[in-house]
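Notes to accompany the following structure.
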Amino acid sequence: MPDRPTLVVAGTHSGAGKTSISLALTRTLSRRGFAVQTFKTGPDFLDPTYLALASGRPCHNLDGWMAGAEHIGSLFTSATADADCAIVEGVMGLFDGADAETSEGSTAEIARRLDAPILLVVNVHGMGRSVAALVKGFVTFEPDLRFAGIVANHCGSERHAAWLADALRAAGLPPSSGRSPGGPFLPLPAATWDSSRRTDNSCQ
């Protein structure tokens, strides 16, 4: 669907660091003169505020469960018409959505509908070679998804980063695309939205 570079920033779980990474990417590209169109997966209202400030453009919500595929396509096309690239921040973990058995309402659903690559943010605090096992589970769980790379959040040192990169490479997994040390950003208020609320009528 996208006719311009698009990246979906997803996490292994809530709090993995996807908002901080999305903001950093958006602001960096904006400062370099690119018109960055941002999106947020799901009905979240807090993160889009930050993303809009970082890009200088309104941030739009993409929700496959509430709005459907046709709306996602038309909204994405219209919002990116004058943009150079797009960044889509995910919600919760990559596969977390409205259903326990399918990807409905999840970041994975949005990535699939947009046919966009995924940048997976992993909290690697206290983790070594196990990162490869974790990432392999995400990469192979729904094999039709595309992964651009892995960001190691809460990475302890350059040596730690090199160890993680070697583990991913040895396992034939998407490469380590970057690292972020623990606590580099100001703390952001966490959204209290929970996916279980999608199954009732409380999302008014």
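Chain lettering (A, B, ...) mirrors the order of the structure tokens, residue numbering begins at 1 for each chain separately, and ligand numbering begins at 1 in order of display.
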
Review point. Excluding same-chain residues fewer than 3 positions from range 110-124 of chain A, what lies within 8 Å of it counting only C-alpha atoms, as a PyMOL selection string?
Key: chain A and resi 1-2+6-12+16-18+21+41+62-64+69+73+105-107+127-128+131+144-155

Please dump the current selection as a compact mmCIF listing (two decimals), in the first residue's frame; keep N, CA, C and O atoms.
```txt
# COMPACT_ATOMS: atom_id res chain seq x y z
N MET A 1 0.80 -1.22 0.00
CA MET A 1 0.00 0.00 0.00
C MET A 1 0.84 1.27 0.00
O MET A 1 0.60 2.17 -0.80
N PRO A 2 1.84 1.43 0.90
CA PRO A 2 2.58 2.68 0.96
C PRO A 2 3.36 2.94 -0.33
O PRO A 2 3.97 2.04 -0.89
N THR A 6 7.90 3.54 4.78
CA THR A 6 7.06 3.40 5.98
C THR A 6 7.69 2.39 6.92
O THR A 6 8.18 1.35 6.48
N LEU A 7 7.68 2.71 8.20
CA LEU A 7 8.25 1.82 9.20
C LEU A 7 7.28 1.68 10.37
O LEU A 7 6.75 2.67 10.87
N VAL A 8 7.05 0.45 10.79
CA VAL A 8 6.22 0.18 11.96
C VAL A 8 7.14 -0.11 13.13
O VAL A 8 7.96 -1.03 13.08
N VAL A 9 7.02 0.68 14.19
CA VAL A 9 7.84 0.50 15.39
C VAL A 9 7.00 -0.29 16.40
O VAL A 9 6.02 0.22 16.93
N ALA A 10 7.41 -1.52 16.65
CA ALA A 10 6.65 -2.40 17.53
C ALA A 10 7.51 -2.81 18.72
O ALA A 10 8.73 -2.70 18.69
N GLY A 11 6.85 -3.29 19.76
CA GLY A 11 7.56 -3.75 20.94
C GLY A 11 7.21 -5.19 21.27
O GLY A 11 6.21 -5.74 20.77
N THR A 12 8.01 -5.81 22.10
CA THR A 12 7.69 -7.15 22.55
C THR A 12 6.57 -7.13 23.59
O THR A 12 5.89 -8.12 23.80
N ALA A 16 8.31 -1.59 26.45
CA ALA A 16 9.58 -2.02 25.85
C ALA A 16 10.40 -0.84 25.36
O ALA A 16 11.63 -0.94 25.23
N GLY A 17 9.73 0.29 25.08
CA GLY A 17 10.45 1.47 24.62
C GLY A 17 10.06 1.96 23.25
O GLY A 17 10.72 2.81 22.67
N LYS A 18 8.95 1.46 22.70
CA LYS A 18 8.58 1.83 21.33
C LYS A 18 8.21 3.30 21.19
O LYS A 18 8.47 3.90 20.14
N ILE A 21 11.54 5.32 21.07
CA ILE A 21 12.22 5.09 19.79
C ILE A 21 11.46 5.77 18.65
O ILE A 21 12.07 6.40 17.77
N THR A 41 -1.09 2.99 16.50
CA THR A 41 -2.00 1.86 16.42
C THR A 41 -2.96 1.88 17.60
O THR A 41 -2.55 2.09 18.74
N LEU A 62 -4.62 4.39 13.73
CA LEU A 62 -4.98 3.29 12.84
C LEU A 62 -5.46 2.13 13.69
O LEU A 62 -4.69 1.56 14.46
N ASP A 63 -6.73 1.79 13.56
CA ASP A 63 -7.30 0.74 14.39
C ASP A 63 -8.10 -0.22 13.53
O ASP A 63 -9.20 0.10 13.07
N GLY A 64 -7.53 -1.40 13.29
CA GLY A 64 -8.19 -2.38 12.43
C GLY A 64 -9.45 -2.94 13.03
O GLY A 64 -10.36 -3.36 12.30
N ALA A 69 -10.42 -2.32 7.56
CA ALA A 69 -9.33 -2.23 6.58
C ALA A 69 -9.50 -1.08 5.61
O ALA A 69 -8.53 -0.39 5.25
N GLY A 73 -6.76 2.04 5.00
CA GLY A 73 -6.16 2.34 3.72
C GLY A 73 -6.38 3.76 3.27
O GLY A 73 -5.46 4.46 2.84
N GLY A 105 -6.84 -6.32 15.45
CA GLY A 105 -6.67 -5.18 16.33
C GLY A 105 -5.26 -4.95 16.83
O GLY A 105 -5.02 -4.09 17.68
N SER A 106 -4.30 -5.70 16.31
CA SER A 106 -2.92 -5.61 16.79
C SER A 106 -2.03 -4.80 15.86
O SER A 106 -2.42 -4.46 14.73
N THR A 107 -0.82 -4.54 16.33
CA THR A 107 0.18 -3.89 15.48
C THR A 107 0.52 -4.76 14.29
O THR A 107 0.74 -4.27 13.18
N MET A 127 19.89 -9.47 29.58
CA MET A 127 19.71 -10.50 28.56
C MET A 127 20.96 -10.63 27.69
O MET A 127 21.61 -9.63 27.36
N GLY A 128 21.30 -11.85 27.31
CA GLY A 128 22.41 -12.11 26.42
C GLY A 128 21.94 -12.85 25.19
O GLY A 128 21.14 -12.34 24.41
N VAL A 131 18.28 -13.21 23.73
CA VAL A 131 17.60 -12.27 22.84
C VAL A 131 17.27 -12.95 21.51
O VAL A 131 16.23 -12.66 20.88
N ASP A 144 4.55 -14.22 7.61
CA ASP A 144 4.33 -13.33 6.47
C ASP A 144 4.73 -11.90 6.78
O ASP A 144 4.82 -11.06 5.87
N LEU A 145 5.01 -11.58 8.05
CA LEU A 145 5.43 -10.24 8.42
C LEU A 145 6.89 -10.03 8.07
O LEU A 145 7.69 -10.96 8.06
N ARG A 146 7.25 -8.76 7.80
CA ARG A 146 8.63 -8.42 7.45
C ARG A 146 9.27 -7.63 8.59
O ARG A 146 8.66 -6.69 9.11
N PHE A 147 10.50 -7.96 8.94
CA PHE A 147 11.21 -7.28 10.02
C PHE A 147 12.45 -6.58 9.45
O PHE A 147 13.29 -7.20 8.81
N ALA A 148 12.52 -5.27 9.71
CA ALA A 148 13.65 -4.49 9.21
C ALA A 148 14.86 -4.62 10.13
O ALA A 148 16.01 -4.55 9.67
N GLY A 149 14.62 -4.80 11.43
CA GLY A 149 15.72 -4.89 12.36
C GLY A 149 15.23 -4.88 13.79
O GLY A 149 14.03 -4.84 14.06
N ILE A 150 16.20 -4.91 14.71
CA ILE A 150 15.93 -4.98 16.14
C ILE A 150 16.62 -3.81 16.83
O ILE A 150 17.78 -3.50 16.53
N VAL A 151 15.92 -3.16 17.74
CA VAL A 151 16.53 -2.12 18.57
C VAL A 151 16.65 -2.67 19.98
O VAL A 151 15.67 -3.11 20.59
N ALA A 152 17.87 -2.65 20.50
CA ALA A 152 18.14 -3.14 21.85
C ALA A 152 17.98 -1.98 22.84
O ALA A 152 18.86 -1.12 22.94
N ASN A 153 16.87 -1.96 23.54
CA ASN A 153 16.62 -0.91 24.52
C ASN A 153 17.13 -1.34 25.89
O ASN A 153 17.13 -2.52 26.21
N HIS A 154 17.56 -0.37 26.68
CA HIS A 154 18.17 -0.64 27.99
C HIS A 154 19.41 -1.52 27.84
O HIS A 154 19.66 -2.42 28.63
N CYS A 155 20.19 -1.21 26.82
CA CYS A 155 21.43 -1.94 26.55
C CYS A 155 22.52 -1.42 27.51
O CYS A 155 22.67 -0.22 27.70
```

Practice item. Could you pull out the residues in range 13-42 of chain A that DSSP calls alpha helix (DSSP H) from the backbone, as a PyMOL selection string? Key: chain A and resi 18-31

Mind writing the picked residues with N, CA, C and O atoms as a PDB file, in the first residue's frame?
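So result32.pdb came out as:
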```pdb
ATOM      1  N   LYS A  18       8.953   1.460  22.702  1.00  0.00           N
ATOM      2  CA  LYS A  18       8.583   1.827  21.330  1.00  0.00           C
ATOM      3  C   LYS A  18       8.213   3.305  21.188  1.00  0.00           C
ATOM      4  O   LYS A  18       8.473   3.904  20.144  1.00  0.00           O
ATOM      5  N   THR A  19       7.623   3.906  22.223  1.00  0.00           N
ATOM      6  CA  THR A  19       7.278   5.326  22.127  1.00  0.00           C
ATOM      7  C   THR A  19       8.537   6.180  22.068  1.00  0.00           C
ATOM      8  O   THR A  19       8.646   7.086  21.236  1.00  0.00           O
ATOM      9  N   SER A  20       9.495   5.902  22.936  1.00  0.00           N
ATOM     10  CA  SER A  20      10.751   6.658  22.931  1.00  0.00           C
ATOM     11  C   SER A  20      11.484   6.524  21.607  1.00  0.00           C
ATOM     12  O   SER A  20      11.986   7.512  21.059  1.00  0.00           O
ATOM     13  N   ILE A  21      11.537   5.316  21.070  1.00  0.00           N
ATOM     14  CA  ILE A  21      12.218   5.093  19.789  1.00  0.00           C
ATOM     15  C   ILE A  21      11.459   5.774  18.652  1.00  0.00           C
ATOM     16  O   ILE A  21      12.066   6.396  17.770  1.00  0.00           O
ATOM     17  N   SER A  22      10.126   5.694  18.675  1.00  0.00           N
ATOM     18  CA  SER A  22       9.322   6.353  17.639  1.00  0.00           C
ATOM     19  C   SER A  22       9.544   7.858  17.662  1.00  0.00           C
ATOM     20  O   SER A  22       9.684   8.502  16.612  1.00  0.00           O
ATOM     21  N   LEU A  23       9.567   8.432  18.853  1.00  0.00           N
ATOM     22  CA  LEU A  23       9.782   9.871  18.987  1.00  0.00           C
ATOM     23  C   LEU A  23      11.177  10.268  18.514  1.00  0.00           C
ATOM     24  O   LEU A  23      11.346  11.280  17.827  1.00  0.00           O
ATOM     25  N   ALA A  24      12.176   9.468  18.877  1.00  0.00           N
ATOM     26  CA  ALA A  24      13.546   9.779  18.479  1.00  0.00           C
ATOM     27  C   ALA A  24      13.702   9.731  16.964  1.00  0.00           C
ATOM     28  O   ALA A  24      14.314  10.627  16.359  1.00  0.00           O
ATOM     29  N   LEU A  25      13.135   8.706  16.333  1.00  0.00           N
ATOM     30  CA  LEU A  25      13.210   8.604  14.876  1.00  0.00           C
ATOM     31  C   LEU A  25      12.476   9.748  14.200  1.00  0.00           C
ATOM     32  O   LEU A  25      12.980  10.360  13.247  1.00  0.00           O
ATOM     33  N   THR A  26      11.285  10.040  14.699  1.00  0.00           N
ATOM     34  CA  THR A  26      10.474  11.101  14.099  1.00  0.00           C
ATOM     35  C   THR A  26      11.161  12.448  14.197  1.00  0.00           C
ATOM     36  O   THR A  26      11.231  13.209  13.216  1.00  0.00           O
ATOM     37  N   ARG A  27      11.670  12.764  15.380  1.00  0.00           N
ATOM     38  CA  ARG A  27      12.304  14.071  15.564  1.00  0.00           C
ATOM     39  C   ARG A  27      13.585  14.183  14.757  1.00  0.00           C
ATOM     40  O   ARG A  27      13.875  15.241  14.172  1.00  0.00           O
ATOM     41  N   THR A  28      14.367  13.109  14.701  1.00  0.00           N
ATOM     42  CA  THR A  28      15.610  13.131  13.937  1.00  0.00           C
ATOM     43  C   THR A  28      15.346  13.373  12.455  1.00  0.00           C
ATOM     44  O   THR A  28      15.995  14.220  11.817  1.00  0.00           O
ATOM     45  N   LEU A  29      14.381  12.660  11.907  1.00  0.00           N
ATOM     46  CA  LEU A  29      14.053  12.839  10.487  1.00  0.00           C
ATOM     47  C   LEU A  29      13.481  14.221  10.216  1.00  0.00           C
ATOM     48  O   LEU A  29      13.794  14.848   9.190  1.00  0.00           O
ATOM     49  N   SER A  30      12.656  14.706  11.125  1.00  0.00           N
ATOM     50  CA  SER A  30      12.062  16.037  10.956  1.00  0.00           C
ATOM     51  C   SER A  30      13.146  17.117  10.962  1.00  0.00           C
ATOM     52  O   SER A  30      13.109  18.061  10.161  1.00  0.00           O
ATOM     53  N   ARG A  31      14.103  16.981  11.847  1.00  0.00           N
ATOM     54  CA  ARG A  31      15.189  17.958  11.923  1.00  0.00           C
ATOM     55  C   ARG A  31      16.074  17.933  10.685  1.00  0.00           C
ATOM     56  O   ARG A  31      16.750  18.916  10.378  1.00  0.00           O
TER      57      ARG A  31
END
```

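CA of Phe39 in chain A is positioned 4.8 Å from CA of His60 in chain A.
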
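Closest approach to Leu94 in chain A from the set A:Glu70, A:Leu134, A:His13, A:Gln37 is made by A:His13, with distances taken over only C-alpha atoms.
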
Exercise for review: Assign secondary structure with DSSP using the backbone only, and return the residues of chain A in strand (DSSP E or B) as a PyMOL selection string.
Suggested key: chain A and resi 6-11+36-41+60-62+85-93+118-123+147-155+176-181

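Each of A:Ser176, A:Ser55, A:Ser14, A:Ser74 was compared to Ala162 in chain A using only C-alpha atoms, and A:Ser176 turns out to be the nearest.
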
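Compared by their closest atoms to Met92 in chain A, and using only C-alpha atoms, the residues A:Ala108, A:Ala133, A:Cys59, A:Ala54 rank with A:Ala108 nearest.
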
**Study point:** Spatial neighbours of Ala167 in chain A, 9 Å, only C-alpha atoms, chain gap at least 4 places, as number ranges by chain
**Key:** A: 128-132, 162-163, 171-173

Those same residues, written as a CSV table (one decimal), in the first residue's frame with N, CA, C and O atoms?
```csv
chain,number,residue,atom,x,y,z
A,128,GLY,N,21.3,-11.8,27.3
A,128,GLY,CA,22.4,-12.1,26.4
A,128,GLY,C,21.9,-12.8,25.2
A,128,GLY,O,21.1,-12.3,24.4
A,129,ARG,N,22.4,-14.1,25.0
A,129,ARG,CA,22.0,-14.9,23.8
A,129,ARG,C,20.5,-15.1,23.8
A,129,ARG,O,20.0,-15.4,22.7
A,130,SER,N,19.9,-15.1,24.9
A,130,SER,CA,18.4,-15.3,25.0
A,130,SER,C,17.7,-14.3,24.1
A,130,SER,O,16.5,-14.6,23.7
A,131,VAL,N,18.3,-13.2,23.7
A,131,VAL,CA,17.6,-12.3,22.8
A,131,VAL,C,17.3,-13.0,21.5
A,131,VAL,O,16.2,-12.7,20.9
A,132,ALA,N,18.1,-13.9,21.1
A,132,ALA,CA,17.9,-14.6,19.8
A,132,ALA,C,16.7,-15.5,19.9
A,132,ALA,O,15.9,-15.5,18.9
A,162,ALA,N,27.3,-5.6,21.2
A,162,ALA,CA,28.0,-6.4,20.3
A,162,ALA,C,27.7,-7.9,20.5
A,162,ALA,O,27.5,-8.7,19.6
A,163,TRP,N,27.5,-8.3,21.8
A,163,TRP,CA,27.1,-9.6,22.2
A,163,TRP,C,25.7,-10.0,21.6
A,163,TRP,O,25.5,-11.0,21.0
A,171,ALA,N,22.0,-16.6,14.7
A,171,ALA,CA,20.8,-17.3,14.6
A,171,ALA,C,20.1,-17.0,13.2
A,171,ALA,O,18.9,-17.5,13.0
A,172,GLY,N,20.7,-16.2,12.4
A,172,GLY,CA,20.1,-15.9,11.1
A,172,GLY,C,18.9,-15.0,11.2
A,172,GLY,O,17.9,-15.1,10.4
A,173,LEU,N,18.8,-14.1,12.2
A,173,LEU,CA,17.7,-13.3,12.5
A,173,LEU,C,17.9,-11.8,12.0
A,173,LEU,O,19.0,-11.5,11.6
```

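Take the candidates A:Val36, A:Ala161, A:Leu51, A:Val139 and check each one against Glu89 in chain A using only C-alpha atoms; the shortest distance goes to A:Leu51.
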
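Of the residues listed (A:Gly68, A:Gly126, A:Gly93, A:Pro181), A:Pro181 shows the shortest atom-to-atom separation from Glu158 in chain A; distances use only C-alpha atoms.
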
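Shortest atom-to-atom contact with Met66 in chain A among A:Asp166, A:Glu104, A:Glu142, A:Asp84: A:Glu104, counting only C-alpha atoms.
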